Amino acid sequence: MANEISRIREQFQSGLWPQFVEHVELENLRSWVKQGVNFNFPVTAIIGENGTGKSTLLKSLACAYEHPDGPKKTFYPSQFFIDTQWETLTNCKITYRVKTGGVSRTFNIRKPTQRWKYPSDRIKRNVFILDISRTLPLDATVGYAKLAKQAQKEVSDEVLSQDNQEYLSYILGRDYLGARFTTTEFDEKKQVGLLRREFGEMSQFHQGAGEDATLDLFQLFETIPNYSLLIIDEVEASLHPKAQRRLTKFLLTLSRIKRIQVVLSTHSPYVLEELPSESRILLMPNDQSSINVVTNVSTEFSMSKIDDSDNPELYLYVEDVEAETLMYEILKKYDIDDKILPRVKCVVVGPANVVKTMGKLSSSNQLPMPGLGVLDGDIEESEGCINLPGEIAPEIMLFNSLKDKDWPNLDARFGIGAGTLFTILEDAMLVPDHHKWPEIVGDKIRMGKKNVWQVLVKEWVTECLDQKVGGRLVDIIQEKLESTEVKGVGDK
């Protein structure tokens, strides 16, 4: 899958998606006060707790274009955001920046009072939005119950292509012998999907929920025009983890082949793990009853924000598990009275730009819980962030420092002869990509990368870390905890 992502990234950067929503900003629309979202990859996942505005964003995206076949097939905000006796929307605006060919254009749709107002020359594009209602059983869908009667005769037949039938079988993990859609004489507009297995055909009235929903998806995939915008709410609905992964991989391939833009919402780590970091956009509630938009987030961080977890007094936002291990080991060494470690939690959020974003949001009290960004030593200082020791990448710093001290105690810690071990460590350092050094060592001594790094960090903290540097880092975290106690969580 990494090769597929690399191909898409390269082709996208070369401008091969001629129709693309680059940016959307929502103003005074439900939980959106005036926040914007940038789209930086052809397949984008929107993550967040229920009620953070995922569906509002997806529905707003669907309204960006006029359908090529005219107004009757075009999506309008008035369809999605209905005024009721309990809520009325006014002074709303949705601003879009879209690319058509090589030209970007900015425009807006707005509702100053009672009616939505649109540009006179809306851009045309095929848009498809699939909401959670697609997972309803067919017998619970309006107008379909009478179709199940045996007296009804088929009047049309639409067969899924062999390629898509095979993809469907792959995603769901079953060998389907056929897949088709039919209509009956009762209502020629209402289709019923059928899957054929070794024991015969099975209609959507009797298929599993995952089969039912995925078959409908493939009916759309069969005919979706090139350059379309495809929006899917809760893409993982009714699917087991393996099927979620496979469907996500298929969407990546479909996007590349047909140059379509896919925007989906999800609560699934299995979906997120199949996508690159630039695909992930996290919506986080803040203390102003609004939301923060955080891009390039890690899967772990995304899940930590929508799952039950412990409640530390201070979050430490780090780039990766290597930084997490280093931070915890420093705290264990220099938090002598154990006053800090039980009160903090490291959270892996992704690359340095995400750490900086989280640090800045924390510094300006825009997050529900206090936090500090923790940047690697080779990254320049940033608001709301502290830096790990050193001025170079952690792997380079640790390996070089330990080598300068003749790899102290590592032979005993790893249980390997000093000569053999030192050769393995120094050979790893010859590889240009320093991120791979712990993994290379682990492969040679039959130990996991994470365990190798843990041993190296423990020894480095003990033998190499300057006491003043380690102590100062712990003091900064202690000061942050004390300031949080004085202000109180959420105080401004």
# chains A, B, ... in the order shown; residues from 1 in each chain; ligands from 1
>>> residues_around(residues="Pro77 of chain A", least_positions_apart="6", cutoff="9 Å", atoms="only C-alpha atoms", output="ChimeraX atom specification")
/A:59-60,62-63,109,116
>>> write_last_selection(atoms="all heavy atoms", output="PDB file, in the first residue's frame")
ATOM      1  N   LYS A  59     -21.379  17.674   4.504  1.00  0.00           N
ATOM      2  CA  LYS A  59     -22.546  18.204   3.795  1.00  0.00           C
ATOM      3  C   LYS A  59     -22.236  19.538   3.127  1.00  0.00           C
ATOM      4  O   LYS A  59     -22.729  19.821   2.019  1.00  0.00           O
ATOM      5  CB  LYS A  59     -23.721  18.344   4.757  1.00  0.00           C
ATOM      6  CG  LYS A  59     -24.274  16.998   5.221  1.00  0.00           C
ATOM      7  CD  LYS A  59     -25.297  17.153   6.337  1.00  0.00           C
ATOM      8  CE  LYS A  59     -25.812  15.795   6.801  1.00  0.00           C
ATOM      9  NZ  LYS A  59     -26.753  15.920   7.938  1.00  0.00           N
ATOM     10  N   SER A  60     -21.429  20.345   3.785  1.00  0.00           N
ATOM     11  CA  SER A  60     -21.023  21.619   3.179  1.00  0.00           C
ATOM     12  C   SER A  60     -20.191  21.384   1.918  1.00  0.00           C
ATOM     13  O   SER A  60     -20.345  22.098   0.918  1.00  0.00           O
ATOM     14  CB  SER A  60     -20.218  22.448   4.182  1.00  0.00           C
ATOM     15  OG  SER A  60     -21.001  22.774   5.309  1.00  0.00           O
ATOM     16  N   ALA A  62     -20.449  18.906  -0.108  1.00  0.00           N
ATOM     17  CA  ALA A  62     -21.340  18.432  -1.173  1.00  0.00           C
ATOM     18  C   ALA A  62     -22.011  19.577  -1.921  1.00  0.00           C
ATOM     19  O   ALA A  62     -22.444  19.408  -3.065  1.00  0.00           O
ATOM     20  CB  ALA A  62     -22.399  17.493  -0.586  1.00  0.00           C
ATOM     21  N   CYS A  63     -22.091  20.748  -1.275  1.00  0.00           N
ATOM     22  CA  CYS A  63     -22.784  21.902  -1.866  1.00  0.00           C
ATOM     23  C   CYS A  63     -21.866  22.799  -2.675  1.00  0.00           C
ATOM     24  O   CYS A  63     -22.291  23.855  -3.163  1.00  0.00           O
ATOM     25  CB  CYS A  63     -23.456  22.723  -0.766  1.00  0.00           C
ATOM     26  SG  CYS A  63     -24.654  21.800   0.221  1.00  0.00           S
ATOM     27  N   ILE A 109     -20.939  30.549  -0.490  1.00  0.00           N
ATOM     28  CA  ILE A 109     -22.392  30.397  -0.393  1.00  0.00           C
ATOM     29  C   ILE A 109     -22.774  30.958   0.968  1.00  0.00           C
ATOM     30  O   ILE A 109     -22.135  30.627   1.970  1.00  0.00           O
ATOM     31  CB  ILE A 109     -22.807  28.915  -0.494  1.00  0.00           C
ATOM     32  CG1 ILE A 109     -22.450  28.352  -1.875  1.00  0.00           C
ATOM     33  CG2 ILE A 109     -24.292  28.742  -0.225  1.00  0.00           C
ATOM     34  CD1 ILE A 109     -22.648  26.850  -1.982  1.00  0.00           C
ATOM     35  N   TRP A 116     -30.520  31.154   1.341  1.00  0.00           N
ATOM     36  CA  TRP A 116     -29.137  30.965   0.923  1.00  0.00           C
ATOM     37  C   TRP A 116     -28.918  31.650  -0.417  1.00  0.00           C
ATOM     38  O   TRP A 116     -29.774  31.613  -1.304  1.00  0.00           O
ATOM     39  CB  TRP A 116     -28.816  29.482   0.789  1.00  0.00           C
ATOM     40  CG  TRP A 116     -28.697  28.774   2.109  1.00  0.00           C
ATOM     41  CD1 TRP A 116     -29.699  28.153   2.795  1.00  0.00           C
ATOM     42  CD2 TRP A 116     -27.507  28.615   2.891  1.00  0.00           C
ATOM     43  NE1 TRP A 116     -29.223  27.618   3.964  1.00  0.00           N
ATOM     44  CE2 TRP A 116     -27.872  27.879   4.060  1.00  0.00           C
ATOM     45  CE3 TRP A 116     -26.187  29.008   2.729  1.00  0.00           C
ATOM     46  CZ2 TRP A 116     -26.952  27.540   5.037  1.00  0.00           C
ATOM     47  CZ3 TRP A 116     -25.267  28.670   3.710  1.00  0.00           C
ATOM     48  CH2 TRP A 116     -25.647  27.947   4.849  1.00  0.00           C
TER      49      TRP A 116
END
>>> closest_atom_pairs(of="segment 384-413 of chain A", to="segment 360-375 of chain A", cutoff="10 Å", atoms="only C-alpha atoms", output="CSV")
residue,atom,partner,partner_atom,distance
A:Gly384,CA,A:Ser363,CA,4.9
A:Cys385,CA,A:Gly373,CA,4.1
A:Ile386,CA,A:Val374,CA,5.0
A:Asn387,CA,A:Leu375,CA,4.7
A:Leu388,CA,A:Leu375,CA,6.2
A:Pro389,CA,A:Leu375,CA,9.6
>>> write_last_selection(atoms="N, CA and C atoms", output="PDB file, in the first residue's frame")
ATOM      1  N   GLY A 384       4.661  27.434  23.123  1.00  0.00           N
ATOM      2  CA  GLY A 384       3.985  26.349  23.827  1.00  0.00           C
ATOM      3  C   GLY A 384       4.715  25.031  23.780  1.00  0.00           C
ATOM      4  N   CYS A 385       6.000  25.056  23.354  1.00  0.00           N
ATOM      5  CA  CYS A 385       6.750  23.807  23.203  1.00  0.00           C
ATOM      6  C   CYS A 385       8.072  23.881  23.968  1.00  0.00           C
ATOM      7  N   ILE A 386       8.560  22.713  24.346  1.00  0.00           N
ATOM      8  CA  ILE A 386       9.904  22.559  24.875  1.00  0.00           C
ATOM      9  C   ILE A 386      10.655  21.620  23.949  1.00  0.00           C
ATOM     10  N   ASN A 387      11.974  21.599  24.070  1.00  0.00           N
ATOM     11  CA  ASN A 387      12.781  20.725  23.219  1.00  0.00           C
ATOM     12  C   ASN A 387      13.455  19.640  24.047  1.00  0.00           C
ATOM     13  N   LEU A 388      13.540  18.465  23.467  1.00  0.00           N
ATOM     14  CA  LEU A 388      14.333  17.399  24.070  1.00  0.00           C
ATOM     15  C   LEU A 388      15.807  17.797  24.037  1.00  0.00           C
ATOM     16  N   PRO A 389      16.636  17.178  24.868  1.00  0.00           N
ATOM     17  CA  PRO A 389      18.058  17.538  24.903  1.00  0.00           C
ATOM     18  C   PRO A 389      18.738  17.339  23.552  1.00  0.00           C
TER      19      PRO A 389
END
>>> atom_distance(atom1="atom CA of Leu229 of chain A", atom2="atom CA of Ser277 of chain A")
20.7 Å
>>> residues_around(residues="Arg125 of chain A", least_positions_apart="5", cutoff="10 Å", atoms="only C-alpha atoms", output="list in words")
Gln19, Phe20, Ala64, Tyr65, Glu66, His67, Pro68, Asp69, Thr74, Thr100, Pro225, Asn226, Tyr227, Ser228 and Leu229 of chain A
>>> select_by_dssp(residues="segment 101-338 of chain A", states="strand (DSSP E)", output="PyMOL selection string")
chain A and resi 103-111+127-130+154-159+178-184+187-197+200-203+229-232+261-265+280-285+291-295+314-318
>>> closest_residue(among="A:Gln204, A:Thr44, A:Thr56, A:Gln114", to="Thr266 of chain A", atoms="only C-alpha atoms")
A:Thr44
>>> closest_residue(among="A:Val297, A:Leu430, A:Ala2, A:Val469", to="Ile46 of chain A", atoms="only C-alpha atoms")
A:Val297
>>> closest_residue(among="A:Phe39, A:Phe250, A:Phe301, A:Trp17", to="Glu278 of chain A", atoms="only C-alpha atoms")
A:Phe39
>>> residues_around(residues="segment 171-179 of chain A", least_positions_apart="4", cutoff="8 Å", atoms="only C-alpha atoms", output="list in words")
Val159, Leu160, Gln165, Glu166, Tyr167, Gly193, Leu194, Leu195, Arg196, Arg197, Glu198, Gly210, Glu211, Lys242, Ala243, Gln244, Arg246 and Leu247 of chain A
>>> select_by_dssp(residues="segment 164-364 of chain A", states="alpha helix (DSSP H)", output="PyMOL selection string")
chain A and resi 164-172+209-223+241-258+269-273+299-304+321-334+352-363
>>> closest_residue(among="A:Asp131, A:Asp157, A:Asp433, A:Asp121", to="Phe181 of chain A", atoms="only C-alpha atoms")
A:Asp157
>>> closest_atom_pairs(of="segment 41-143 of chain A", to="segment 303-307 of chain A", cutoff="9 Å", atoms="only C-alpha atoms", output="CSV")
residue,atom,partner,partner_atom,distance
A:Ile47,CA,A:Ile306,CA,8.5
A:Gly48,CA,A:Ile306,CA,6.3
A:Glu49,CA,A:Ile306,CA,5.2
A:Asn50,CA,A:Ile306,CA,8.5
>>> residues_around(residues="segment 449-456 of chain A", least_positions_apart="6", cutoff="6 Å", atoms="only C-alpha atoms", output="NGL selection string")
:A and (438-439 or 442)
>>> closest_residue(among="A:Lys117, A:Leu251, A:Pro71, A:Arg343", to="Glu482 of chain A", atoms="only C-alpha atoms")
A:Arg343
